[in-house]
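Okay, my_file_8.txt now, which holds compact mmCIF, C-alpha atoms and all ligand atoms:
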# COMPACT_ATOMS: atom_id res chain seq x y z
CA MET A 1214 0.00 0.00 0.00
CA THR A 1215 1.35 3.44 -0.88
CA LYS A 1216 1.36 5.89 2.00
CA PRO A 1217 0.04 9.41 1.45
CA VAL A 1218 3.00 11.81 1.44
CA PRO A 1219 2.75 15.38 2.71
CA GLN A 1220 4.52 18.10 0.73
CA PRO A 1221 8.20 18.06 1.74
CA GLY A 1222 8.21 21.34 3.70
CA ILE A 1223 5.61 20.04 6.14
CA MET A 1224 7.94 17.41 7.58
CA GLN A 1225 10.56 20.10 8.30
CA ILE A 1226 8.16 21.98 10.55
CA LYS A 1227 8.76 21.80 14.26
CA PRO A 1228 5.25 22.30 15.66
CA TYR A 1229 4.81 25.57 17.56
CA VAL A 1230 5.12 25.21 21.29
CA GLY A 1231 3.27 27.92 23.17
CA GLY A 1232 4.12 29.39 26.54
CA ALA A 1233 3.02 26.95 29.22
CA SER A 1234 0.02 25.32 27.64
CA GLY A 1235 -1.28 22.71 30.03
CA ILE A 1236 -1.34 24.85 33.16
CA ASP A 1237 -5.01 25.67 32.70
CA GLY A 1238 -6.87 24.86 35.86
CA MET A 1239 -3.73 24.85 38.02
CA SER A 1240 -4.13 27.18 40.93
CA ASN A 1241 -1.62 29.66 42.35
CA VAL A 1242 0.37 29.83 39.15
CA ILE A 1243 1.74 33.14 37.93
CA LYS A 1244 1.83 32.89 34.15
CA LEU A 1245 4.27 35.31 32.59
CA SER A 1246 5.11 33.25 29.52
CA SER A 1247 2.78 34.36 26.72
CA ASN A 1248 2.81 38.17 26.80
CA GLU A 1249 -0.84 38.28 27.80
CA ASN A 1250 -2.38 41.45 29.20
CA PRO A 1251 -2.46 40.93 32.99
CA PHE A 1252 -5.48 43.25 33.25
CA GLY A 1253 -7.50 41.15 30.80
CA PRO A 1254 -9.83 42.47 28.12
CA SER A 1255 -12.07 45.51 28.39
CA PRO A 1256 -15.33 44.72 30.24
CA LEU A 1257 -17.07 46.13 27.16
CA ALA A 1258 -15.50 43.38 25.06
CA VAL A 1259 -16.64 40.69 27.49
CA GLU A 1260 -20.17 42.10 27.46
CA ALA A 1261 -20.27 42.19 23.65
CA PHE A 1262 -18.95 38.63 23.50
CA GLN A 1263 -21.67 37.41 25.85
CA LYS A 1264 -24.40 39.26 23.96
CA ALA A 1265 -23.29 37.72 20.66
CA GLY A 1266 -23.71 34.34 22.31
CA HIS A 1267 -27.49 34.73 21.91
CA ALA A 1268 -27.24 34.29 18.15
CA LEU A 1269 -24.92 31.33 17.80
CA HIS A 1270 -27.23 29.69 15.26
CA ARG A 1271 -26.49 32.52 12.80
CA TYR A 1272 -23.50 32.52 10.52
CA PRO A 1273 -21.27 35.53 11.07
CA ASN A 1274 -20.83 38.33 8.54
CA THR A 1275 -18.33 37.30 5.95
CA ASP A 1276 -16.87 40.70 5.18
CA HIS A 1277 -16.12 41.95 8.72
CA ALA A 1278 -17.25 45.37 7.50
CA SER A 1279 -18.20 46.71 10.91
CA LEU A 1280 -14.93 45.70 12.60
CA ARG A 1281 -12.88 46.92 9.65
CA ALA A 1282 -14.67 50.27 9.76
CA ALA A 1283 -13.96 50.58 13.50
CA ILE A 1284 -10.27 49.72 13.01
CA GLY A 1285 -10.08 52.16 10.10
CA LYS A 1286 -11.67 54.94 12.13
CA LEU A 1287 -9.40 54.44 15.13
CA HIS A 1288 -6.18 54.35 13.12
CA GLY A 1289 -7.13 56.61 10.22
CA LEU A 1290 -6.88 53.76 7.69
CA ASP A 1291 -8.91 52.78 4.65
CA PRO A 1292 -11.22 49.92 5.81
CA GLU A 1293 -11.23 48.51 2.29
CA ARG A 1294 -7.53 47.77 2.71
CA ILE A 1295 -7.91 45.84 5.97
CA ILE A 1296 -8.23 42.07 6.30
CA CYS A 1297 -9.18 40.30 9.55
CA GLY A 1298 -7.95 36.88 10.55
CA VAL A 1299 -7.94 34.27 13.27
CA GLY A 1300 -5.15 36.02 15.12
CA SER A 1301 -2.43 37.75 13.17
CA ASP A 1302 -1.12 34.19 12.78
CA GLU A 1303 -3.77 33.62 10.15
CA VAL A 1304 -2.84 36.79 8.27
CA ILE A 1305 0.79 35.59 8.26
CA THR A 1306 -0.42 32.25 6.90
CA PHE A 1307 -2.44 34.01 4.15
CA LEU A 1308 0.65 36.03 3.17
CA CYS A 1309 2.82 32.92 2.84
CA GLN A 1310 0.08 30.98 1.06
CA CYS A 1311 -0.43 33.75 -1.49
CA TYR A 1312 3.05 35.15 -1.97
CA SER A 1313 5.44 32.26 -1.40
CA GLY A 1314 5.68 28.66 -2.47
CA PRO A 1315 8.12 26.24 -4.07
CA GLU A 1316 10.98 28.13 -5.74
CA THR A 1317 10.63 31.13 -3.42
CA GLU A 1318 12.48 32.23 -0.29
CA VAL A 1319 10.99 33.85 2.79
CA ILE A 1320 13.32 35.97 4.91
CA TYR A 1321 12.92 36.31 8.66
CA THR A 1322 15.40 37.45 11.28
CA GLU A 1323 17.40 35.41 13.79
CA HIS A 1324 15.18 36.08 16.79
CA GLY A 1325 11.98 36.54 14.76
CA PHE A 1326 8.60 34.99 15.52
CA SER A 1327 8.53 31.25 14.77
CA MET A 1328 5.29 31.34 12.77
CA TYR A 1329 7.08 32.96 9.81
CA LYS A 1330 9.21 29.87 9.31
CA ILE A 1331 6.30 27.49 9.94
CA SER A 1332 4.01 29.30 7.47
CA ALA A 1333 6.76 29.52 4.84
CA LEU A 1334 7.48 25.79 5.09
CA ALA A 1335 3.76 24.99 5.01
CA ALA A 1336 3.53 26.92 1.75
CA GLY A 1337 6.42 24.91 0.31
CA ALA A 1338 8.84 27.87 0.40
CA THR A 1339 12.40 27.99 1.72
CA PRO A 1340 12.72 29.99 4.95
CA VAL A 1341 15.93 32.04 5.13
CA MET A 1342 17.10 33.16 8.55
CA VAL A 1343 19.11 36.38 8.67
CA PRO A 1344 21.37 37.21 11.66
CA GLU A 1345 20.53 40.10 13.97
CA ARG A 1346 23.11 42.40 15.59
CA GLU A 1347 23.05 42.39 19.39
CA ARG A 1348 19.37 41.39 19.37
CA MET A 1349 18.50 44.13 16.87
CA VAL A 1350 17.17 43.57 13.36
CA ASP A 1351 19.92 44.50 10.90
CA VAL A 1352 18.55 45.95 7.68
CA ASP A 1353 21.87 45.53 5.84
CA GLU A 1354 21.94 41.81 6.68
CA ILE A 1355 18.40 41.47 5.32
CA LEU A 1356 19.29 43.25 2.09
CA LYS A 1357 22.39 41.05 1.72
CA ALA A 1358 20.24 37.92 1.98
CA VAL A 1359 17.83 38.92 -0.80
CA THR A 1360 18.02 36.80 -3.95
CA PRO A 1361 15.89 36.72 -7.11
CA ARG A 1362 13.83 34.03 -5.32
CA THR A 1363 12.95 36.21 -2.31
CA SER A 1364 9.23 36.86 -2.17
CA LEU A 1365 8.56 37.91 1.44
CA VAL A 1366 10.49 39.59 4.26
CA PHE A 1367 9.16 39.52 7.83
CA VAL A 1368 10.26 42.10 10.40
CA THR A 1369 8.77 42.17 13.89
CA ASN A 1370 8.59 45.64 15.37
CA PRO A 1371 8.96 45.81 18.32
CA GLY A 1372 10.72 42.44 18.22
CA ASN A 1373 9.59 39.38 20.11
CA PRO A 1374 11.35 38.03 22.18
CA THR A 1375 13.91 40.85 22.03
CA GLY A 1376 11.62 43.82 22.72
CA THR A 1377 13.92 46.02 20.61
CA MET A 1378 12.79 48.32 17.79
CA VAL A 1379 13.88 49.03 14.26
CA SER A 1380 13.83 52.77 13.55
CA ARG A 1381 11.38 54.22 11.06
CA ALA A 1382 14.34 55.39 8.98
CA ASP A 1383 15.68 51.82 8.77
CA LEU A 1384 12.26 50.37 7.94
CA SER A 1385 11.84 53.01 5.25
CA ARG A 1386 15.23 52.20 3.80
CA LEU A 1387 14.39 48.50 3.74
CA ALA A 1388 11.09 49.17 1.96
CA ARG A 1389 12.85 51.40 -0.57
CA GLU A 1390 15.79 49.10 -1.24
CA LEU A 1391 14.00 45.77 -1.50
CA PRO A 1392 13.63 44.78 -5.14
CA ASP A 1393 10.26 45.27 -6.81
CA GLY A 1394 7.99 42.34 -6.23
CA VAL A 1395 9.24 41.54 -2.72
CA LEU A 1396 6.62 42.09 -0.01
CA MET A 1397 7.88 43.44 3.29
CA VAL A 1398 5.73 42.57 6.30
CA ILE A 1399 5.95 44.66 9.46
CA ASP A 1400 4.55 42.57 12.29
CA GLY A 1401 3.22 45.08 14.81
CA ALA A 1402 1.81 42.61 17.35
CA TYR A 1403 3.24 44.82 20.13
CA ALA A 1404 2.84 48.20 18.40
CA GLU A 1405 0.24 49.44 20.91
CA TYR A 1406 2.90 49.39 23.63
CA VAL A 1407 5.00 52.01 21.83
CA GLU A 1408 3.63 55.51 22.22
CA GLY A 1409 3.72 57.38 18.93
CA PHE A 1410 4.42 54.28 16.77
CA ASP A 1411 1.83 53.59 14.09
CA GLY A 1412 2.87 49.97 13.65
CA GLY A 1413 4.13 50.74 10.16
CA ALA A 1414 0.82 52.08 8.81
CA SER A 1415 2.41 55.18 7.28
CA LEU A 1416 4.93 52.97 5.47
CA VAL A 1417 2.06 50.94 4.03
CA GLU A 1418 0.62 54.21 2.72
CA LYS A 1419 3.94 55.18 1.22
CA PHE A 1420 5.17 51.88 -0.24
CA PRO A 1421 2.88 49.48 -2.11
CA ASN A 1422 5.18 46.58 -1.15
CA VAL A 1423 4.67 47.02 2.63
CA VAL A 1424 2.12 45.10 4.69
CA MET A 1425 1.37 45.61 8.39
CA THR A 1426 -0.05 42.92 10.68
CA ARG A 1427 -1.65 43.65 14.05
CA THR A 1428 -3.42 41.75 16.81
CA PHE A 1429 -6.06 41.98 19.52
CA SER A 1430 -4.14 39.38 21.56
CA LYS A 1431 -1.77 41.67 23.41
CA MET A 1432 -2.84 45.18 24.44
CA TYR A 1433 -6.52 44.37 23.91
CA GLY A 1434 -6.25 41.30 26.13
CA LEU A 1435 -8.13 39.02 23.70
CA GLY A 1436 -5.52 36.33 23.05
CA GLY A 1437 -8.09 33.67 23.90
CA LEU A 1438 -10.48 34.91 21.22
CA ARG A 1439 -8.01 34.89 18.30
CA ILE A 1440 -8.45 38.09 16.28
CA GLY A 1441 -5.83 39.82 14.19
CA TRP A 1442 -5.74 42.02 11.13
CA GLY A 1443 -3.56 43.20 8.30
CA TYR A 1444 -3.27 46.43 6.32
CA ALA A 1445 -1.87 46.58 2.81
CA SER A 1446 -2.52 47.87 -0.69
CA ALA A 1447 -5.97 47.17 -2.14
CA GLU A 1448 -4.32 44.76 -4.54
CA VAL A 1449 -2.62 42.69 -1.83
CA ILE A 1450 -5.78 42.62 0.31
CA GLY A 1451 -7.73 41.45 -2.73
CA VAL A 1452 -5.28 38.58 -3.17
CA LEU A 1453 -5.36 37.58 0.53
CA ASN A 1454 -9.16 37.57 0.51
CA ARG A 1455 -9.09 34.85 -2.14
CA VAL A 1456 -7.79 32.34 0.40
CA ARG A 1457 -9.61 33.64 3.49
CA GLY A 1458 -12.38 31.30 4.55
CA PRO A 1459 -15.74 33.07 4.32
CA PHE A 1460 -16.54 32.58 8.00
CA ASN A 1461 -13.06 32.71 9.48
CA LEU A 1462 -14.17 34.92 12.38
CA SER A 1463 -17.23 34.26 14.51
CA MET A 1464 -19.76 36.89 15.57
CA PRO A 1465 -18.61 36.83 19.25
CA GLN A 1466 -15.05 37.44 18.08
CA LEU A 1467 -16.05 40.29 15.79
CA ASP A 1468 -18.31 41.98 18.34
CA ALA A 1469 -15.83 41.67 21.19
CA ALA A 1470 -13.01 43.10 19.09
CA GLU A 1471 -15.10 46.05 17.99
CA ALA A 1472 -16.15 46.81 21.56
CA ALA A 1473 -12.55 46.53 22.73
CA LEU A 1474 -11.51 49.22 20.26
CA GLY A 1475 -13.97 51.64 21.84
CA ASP A 1476 -12.61 51.34 25.40
CA HIS A 1477 -9.83 53.90 25.24
CA GLU A 1478 -9.70 54.21 29.00
CA HIS A 1479 -8.85 50.53 29.40
CA VAL A 1480 -6.12 50.73 26.78
CA GLU A 1481 -4.65 53.86 28.34
CA ARG A 1482 -4.58 52.26 31.77
CA CYS A 1483 -2.95 49.07 30.47
CA LEU A 1484 -0.35 51.10 28.57
CA ARG A 1485 0.43 53.26 31.60
CA GLU A 1486 0.76 50.28 33.91
CA ASN A 1487 2.89 48.33 31.44
CA THR A 1488 5.28 51.24 30.98
CA ARG A 1489 5.59 51.75 34.73
CA LEU A 1490 5.95 48.10 35.71
CA ARG A 1491 8.27 47.28 32.80
CA ALA A 1492 10.71 49.96 34.00
CA TRP A 1493 10.38 48.75 37.57
CA LEU A 1494 10.98 45.10 36.64
CA ALA A 1495 13.96 45.87 34.39
CA GLU A 1496 15.56 47.93 37.13
CA ALA A 1497 14.86 45.36 39.82
CA LEU A 1498 16.38 42.56 37.73
CA ALA A 1499 19.40 44.68 36.75
CA ALA A 1500 20.05 45.26 40.45
CA LEU A 1501 20.12 41.48 40.87
CA GLY A 1502 22.72 41.10 38.12
CA VAL A 1503 20.20 40.18 35.42
CA PRO A 1504 20.39 42.81 32.67
CA SER A 1505 17.99 43.33 29.79
CA ASP A 1506 17.81 45.52 26.70
CA THR A 1507 15.38 48.42 26.85
CA SER A 1508 12.08 46.78 25.97
CA CYS A 1509 9.44 48.50 23.87
CA ALA A 1510 6.84 45.78 24.44
CA ASN A 1511 5.03 44.05 27.32
CA PHE A 1512 7.87 41.73 28.29
CA ILE A 1513 11.51 41.81 29.27
CA LEU A 1514 14.24 39.63 27.86
CA ALA A 1515 16.29 38.82 30.93
CA ARG A 1516 19.90 37.85 30.21
CA PHE A 1517 21.79 35.33 32.32
CA ALA A 1518 25.46 34.32 32.32
CA ASP A 1519 24.79 31.31 30.12
CA ALA A 1520 22.14 28.78 29.10
CA ASP A 1521 22.72 26.66 32.21
CA GLU A 1522 21.99 29.58 34.51
CA ALA A 1523 18.92 30.61 32.50
CA ASN A 1524 17.54 27.07 32.58
CA ALA A 1525 18.30 26.64 36.28
CA CYS A 1526 16.50 29.91 37.02
CA ASP A 1527 13.53 28.78 34.93
CA ASP A 1528 13.42 25.47 36.84
CA PHE A 1529 13.54 27.33 40.14
CA LEU A 1530 10.80 29.75 39.13
CA GLN A 1531 8.62 26.86 37.96
CA SER A 1532 9.08 25.10 41.26
CA GLU A 1533 7.76 28.29 42.86
CA GLY A 1534 4.74 28.40 40.53
CA ILE A 1535 6.06 31.11 38.22
CA ILE A 1536 6.00 30.36 34.52
CA VAL A 1537 8.26 32.37 32.23
CA ARG A 1538 9.45 31.58 28.71
CA ARG A 1539 12.64 29.84 27.63
CA VAL A 1540 13.75 31.26 24.31
CA ALA A 1541 16.53 28.89 23.22
CA GLY A 1542 14.31 28.14 20.20
CA TYR A 1543 14.75 31.80 19.21
CA ALA A 1544 18.56 31.53 19.37
CA LEU A 1545 18.64 33.13 22.82
CA PRO A 1546 19.59 30.20 25.07
CA ASN A 1547 20.98 32.40 27.87
CA CYS A 1548 17.77 34.42 28.16
CA LEU A 1549 14.32 34.10 29.70
CA ARG A 1550 11.42 36.18 28.42
CA ILE A 1551 9.26 37.50 31.22
CA THR A 1552 5.89 39.10 30.55
CA VAL A 1553 5.26 42.30 32.47
CA GLY A 1554 2.45 41.18 34.77
CA ASP A 1555 0.48 43.15 37.32
CA GLU A 1556 2.32 44.70 40.23
CA ALA A 1557 2.11 41.67 42.52
CA SER A 1558 3.40 39.32 39.78
CA CYS A 1559 6.29 41.64 38.94
CA ARG A 1560 7.29 41.88 42.58
CA ARG A 1561 7.01 38.13 43.05
CA VAL A 1562 9.09 37.21 40.00
CA ALA A 1563 11.77 39.75 40.94
CA HIS A 1564 11.80 38.45 44.51
CA MET A 1565 12.19 34.85 43.33
CA ILE A 1566 14.94 35.70 40.84
CA GLY A 1567 16.67 37.44 43.74
CA ARG A 1568 16.35 34.23 45.78
CA PHE A 1569 17.74 32.25 42.84
CA LYS A 1570 20.70 34.61 42.53
CA GLY A 1571 21.25 34.51 46.27
CA VAL A 1572 20.63 38.24 46.52
CA THR A 1573 18.08 39.70 48.88
CA PRO A 1574 16.35 42.51 47.03
N1 LIG B 1 3.54 38.13 15.87
C1 LIG B 1 4.26 38.14 16.99
C2 LIG B 1 5.57 38.83 16.99
C3 LIG B 1 3.79 37.50 18.14
O1 LIG B 1 4.52 37.50 19.26
C4 LIG B 1 2.54 36.84 18.09
C5 LIG B 1 1.98 36.11 19.28
N2 LIG B 1 2.83 35.49 20.09
C6 LIG B 1 1.85 36.85 16.89
C7 LIG B 1 2.36 37.51 15.80
C8 LIG B 1 0.55 36.14 16.73
O2 LIG B 1 -0.40 36.70 17.49
P1 LIG B 1 -1.93 36.33 17.35
O3 LIG B 1 -2.03 35.21 16.37
O4 LIG B 1 -2.37 35.98 18.70
O5 LIG B 1 -2.56 37.57 16.81
Could you rewrite the structure in this file as structure tokens?
Ligand code: PMP
Amino acid sequence: MTKPVPQPGIMQIKPYVGGASGIDGMSNVIKLSSNENPFGPSPLAVEAFQKAGHALHRYPNTDHASLRAAIGKLHGLDPERIICGVGSDEVITFLCQCYSGPETEVIYTEHGFSMYKISALAAGATPVMVPERERMVDVDEILKAVTPRTSLVFVTNPGNPTGTMVSRADLSRLARELPDGVLMVIDGAYAEYVEGFDGGASLVEKFPNVVMTRTFSKMYGLGGLRIGWGYASAEVIGVLNRVRGPFNLSMPQLDAAEAALGDHEHVERCLRENTRLRAWLAEALAALGVPSDTSCANFILARFADADEANACDDFLQSEGIIVRRVAGYALPNCLRITVGDEASCRRVAHMIGRFKGVTP
């Protein structure tokens, strides 16, 4: 009997491992491993989600017009050039499905988000990893790696798990210097945490080869609901919509996301608290001999002497019920990524790292 054979790229995929799946239901655990918003979603989003539950027998709208209009209004973008997906993960998948495949190369950076590689391989493309410089995306290295087969370039800004940012000038230069026909994707999953950063929207307006992806999973606290979106030229959005399933988002998802956009007070509070606690945590850890780069997101990349120390610290924290993220899979074996939690969680994780280091904070 002949066995069915998947396309070759599929067998090269290492399935995505999330931050501490499997702890659901465990009590007294402090989860700081998935960059979730410790303050949760807006109560308005929860209310809208529950209300939508009364019409579960109805198919959702297929065009997401209302959510796209709300996103467009908030960010000053053309709703016709927005696409919504099941998390920004799905938008990344659409991009790879539509713009890469056998005979093409997809560039991502050394510490970049793992879904770029997975989606490229799933589309049959060759993922090409480009080195970063001191945990910073290096535009020159990206340009050096471009070949006539390059079809897509992914840049996360701010980076995950690094938390560092590429300047607008560098992003602009990359968009300008990439050859025609190469799409540059700015993944702005953490853009809301950077005051004054538009996630790359103005570059999308300026360069037809730039795409921006965004999510409701981080600042909007809706990771569990799975809603993301992308912004690009009308032409690119038209292409992506060809592969989007007609009912990819449910009504509760759509309604909750739209309500979340309207709660500016919640977003402002979460931003303020993140900025304050991120600075506090970074300083507290630095005082314990655990430095980090200045983070522009809702996590800190804590650096240890080596991989053994990072892993031992992770083991110790786990034994104390604190879950953080090992990032050896992102070529950062001597680091742990720690989500900025609420005040009590930040204090607790700093206290426990102090205990691990034998330092009393
Ligand atoms: N991009 C980056 C850089 C991320 O960190 C994540 C989530 N971990 C995503 C995209 C995907 O987010 P979601 O699918 O939840 O929108």
For the interface of region 1327-1404 of chain A with region 1448-1472 of chain A (cut-off 12 Å, counting only C-alpha atoms), please tabulate each contacting residue of region 1327-1404 of chain A alongside its nearest pair of atoms and their separation in Å to one decimal, rows sorted by chain and increasing number, as CSV.
residue,atom,partner,partner_atom,distance
A:Gly1394,CA,A:Val1449,CA,11.5
A:Val1395,CA,A:Val1449,CA,11.9
A:Leu1396,CA,A:Val1449,CA,9.4
A:Met1397,CA,A:Val1449,CA,11.7
A:Val1398,CA,A:Val1449,CA,11.7
Starting from the point (8.4, 28.4, 22.0), work out which residues of protein, DNA or RNA have an atom no more than 7 Å away when counting all atoms listed in the file; state them as a PDB file with C-alpha atoms, in the coordinates of the input.
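Resulting contents of result30.pdb:
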ATOM      1  CA  TYR A1229       4.810  25.570  17.560  1.00  0.00           C
ATOM      2  CA  VAL A1230       5.120  25.210  21.290  1.00  0.00           C
ATOM      3  CA  GLY A1231       3.270  27.920  23.170  1.00  0.00           C
ATOM      4  CA  GLY A1232       4.120  29.390  26.540  1.00  0.00           C
ATOM      5  CA  VAL A1540      13.750  31.260  24.310  1.00  0.00           C
ATOM      6  CA  GLY A1542      14.310  28.140  20.200  1.00  0.00           C
TER       7      GLY A1542
END
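The shortest atom-to-atom distance to Ala1333 (chain A), with all atoms listed in the file taken into account, belongs to A:Ile1226 out of A:Ile1226, A:Ala1261, A:Leu1484, A:Val1299.
Minimum atom-to-atom distances from A:Ser1246, A:Asn1370, A:Ser1380, A:Thr1375 to Asp1400 (chain A) were compared using only C-alpha atoms, and the lowest value belongs to A:Asn1370.
Using all atoms listed in the file, we find that the residues with an atom at most 7 Å from any atom of ligand LIG 1 (chain B) are Ser1247, Val1299, Gly1300, Ser1301, Asp1302, Glu1303, Phe1326, Thr1369, Gly1372, Asn1373, Asp1400, Ala1402, Arg1427, Thr1428, Phe1429, Ser1430, Gly1436, Arg1439, Ile1440 and Gly1441 of chain A.
Between CA of Leu1435 (chain A) and CA of Glu1408 (chain A) lies a distance of 20.3 Å.
Computed from the coordinates, the CA of Leu1498 (chain A) to CA of Arg1568 (chain A) distance equals 11.6 Å.
Compared by their closest atoms to Gly1412 (chain A), and using all atoms listed in the file, the residues A:Val1379, A:Val1537, A:Ala1515, A:Leu1391 rank with A:Val1379 nearest.
Taking CA of Ile1566 (chain A) as the reference point, CA of Met1432 (chain A) is found at 26.0 Å.
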Give, as lines of an AutoDock Vina configuration file, the centre coordinates and the x, y and z edge lengths in Å to one decimal for an axis-aligned box around all listed atoms of region 1467-1470 of chain A, padded by 5 Å on each side.
center_x = -15.7
center_y = 41.7
center_z = 18.5
size_x = 15.3
size_y = 12.8
size_z = 15.4
Next item on the list: Quick one: everything within 8 Å of Cys1559 (chain A), counting all atoms listed in the file, minus sequence neighbours fewer than 5 positions away in the same chain. Send it as JSON, numbers by chain.
Entry: {"A": [1490, 1494, 1553, 1554]}
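Of the residues under consideration (A:Leu1269, A:Ile1535, A:Ile1320, A:Ala1497), A:Ile1320 shows the shortest atom-to-atom contact distance to Arg1362 (chain A) when counting only C-alpha atoms.
Residues surrounding region 1518-1524 of chain A within 9 Å are Val1503, Ala1515, Arg1516, Cys1526, Asp1527, Asp1528, Phe1529, Arg1539, Ala1541, Leu1545, Pro1546, Asn1547, Cys1548 and Leu1549 of chain A [only C-alpha atoms; sequence separation below 2 positions excluded].
For the set A:Thr1552, A:Thr1507, A:Asn1274, A:Thr1215, the residue with the smallest atom-to-atom gap to Ala1492 (chain A) is A:Thr1507, counting only C-alpha atoms.
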Checklist line | Distance query Glu1478 (chain A) at most 12 Å, only C-alpha atoms, self and fewer than 5 positions along chain excluded, as a PyMOL selection string | finding: chain A and resi 1254-1257+1433+1473+1483-1485
Write the selection just made, keeping C-alpha atoms, as an mmCIF file, keeping the file's coordinate frame?
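Writing done, so here's selection-v4.cif:
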data_model
loop_
_atom_site.group_PDB
_atom_site.id
_atom_site.type_symbol
_atom_site.label_atom_id
_atom_site.label_comp_id
_atom_site.auth_asym_id
_atom_site.auth_seq_id
_atom_site.Cartn_x
_atom_site.Cartn_y
_atom_site.Cartn_z
ATOM 1 C CA PRO A 1254 -9.830 42.470 28.120
ATOM 2 C CA SER A 1255 -12.070 45.510 28.390
ATOM 3 C CA PRO A 1256 -15.330 44.720 30.240
ATOM 4 C CA LEU A 1257 -17.070 46.130 27.160
ATOM 5 C CA TYR A 1433 -6.520 44.370 23.910
ATOM 6 C CA ALA A 1473 -12.550 46.530 22.730
ATOM 7 C CA CYS A 1483 -2.950 49.070 30.470
ATOM 8 C CA LEU A 1484 -0.350 51.100 28.570
ATOM 9 C CA ARG A 1485 0.430 53.260 31.600
#
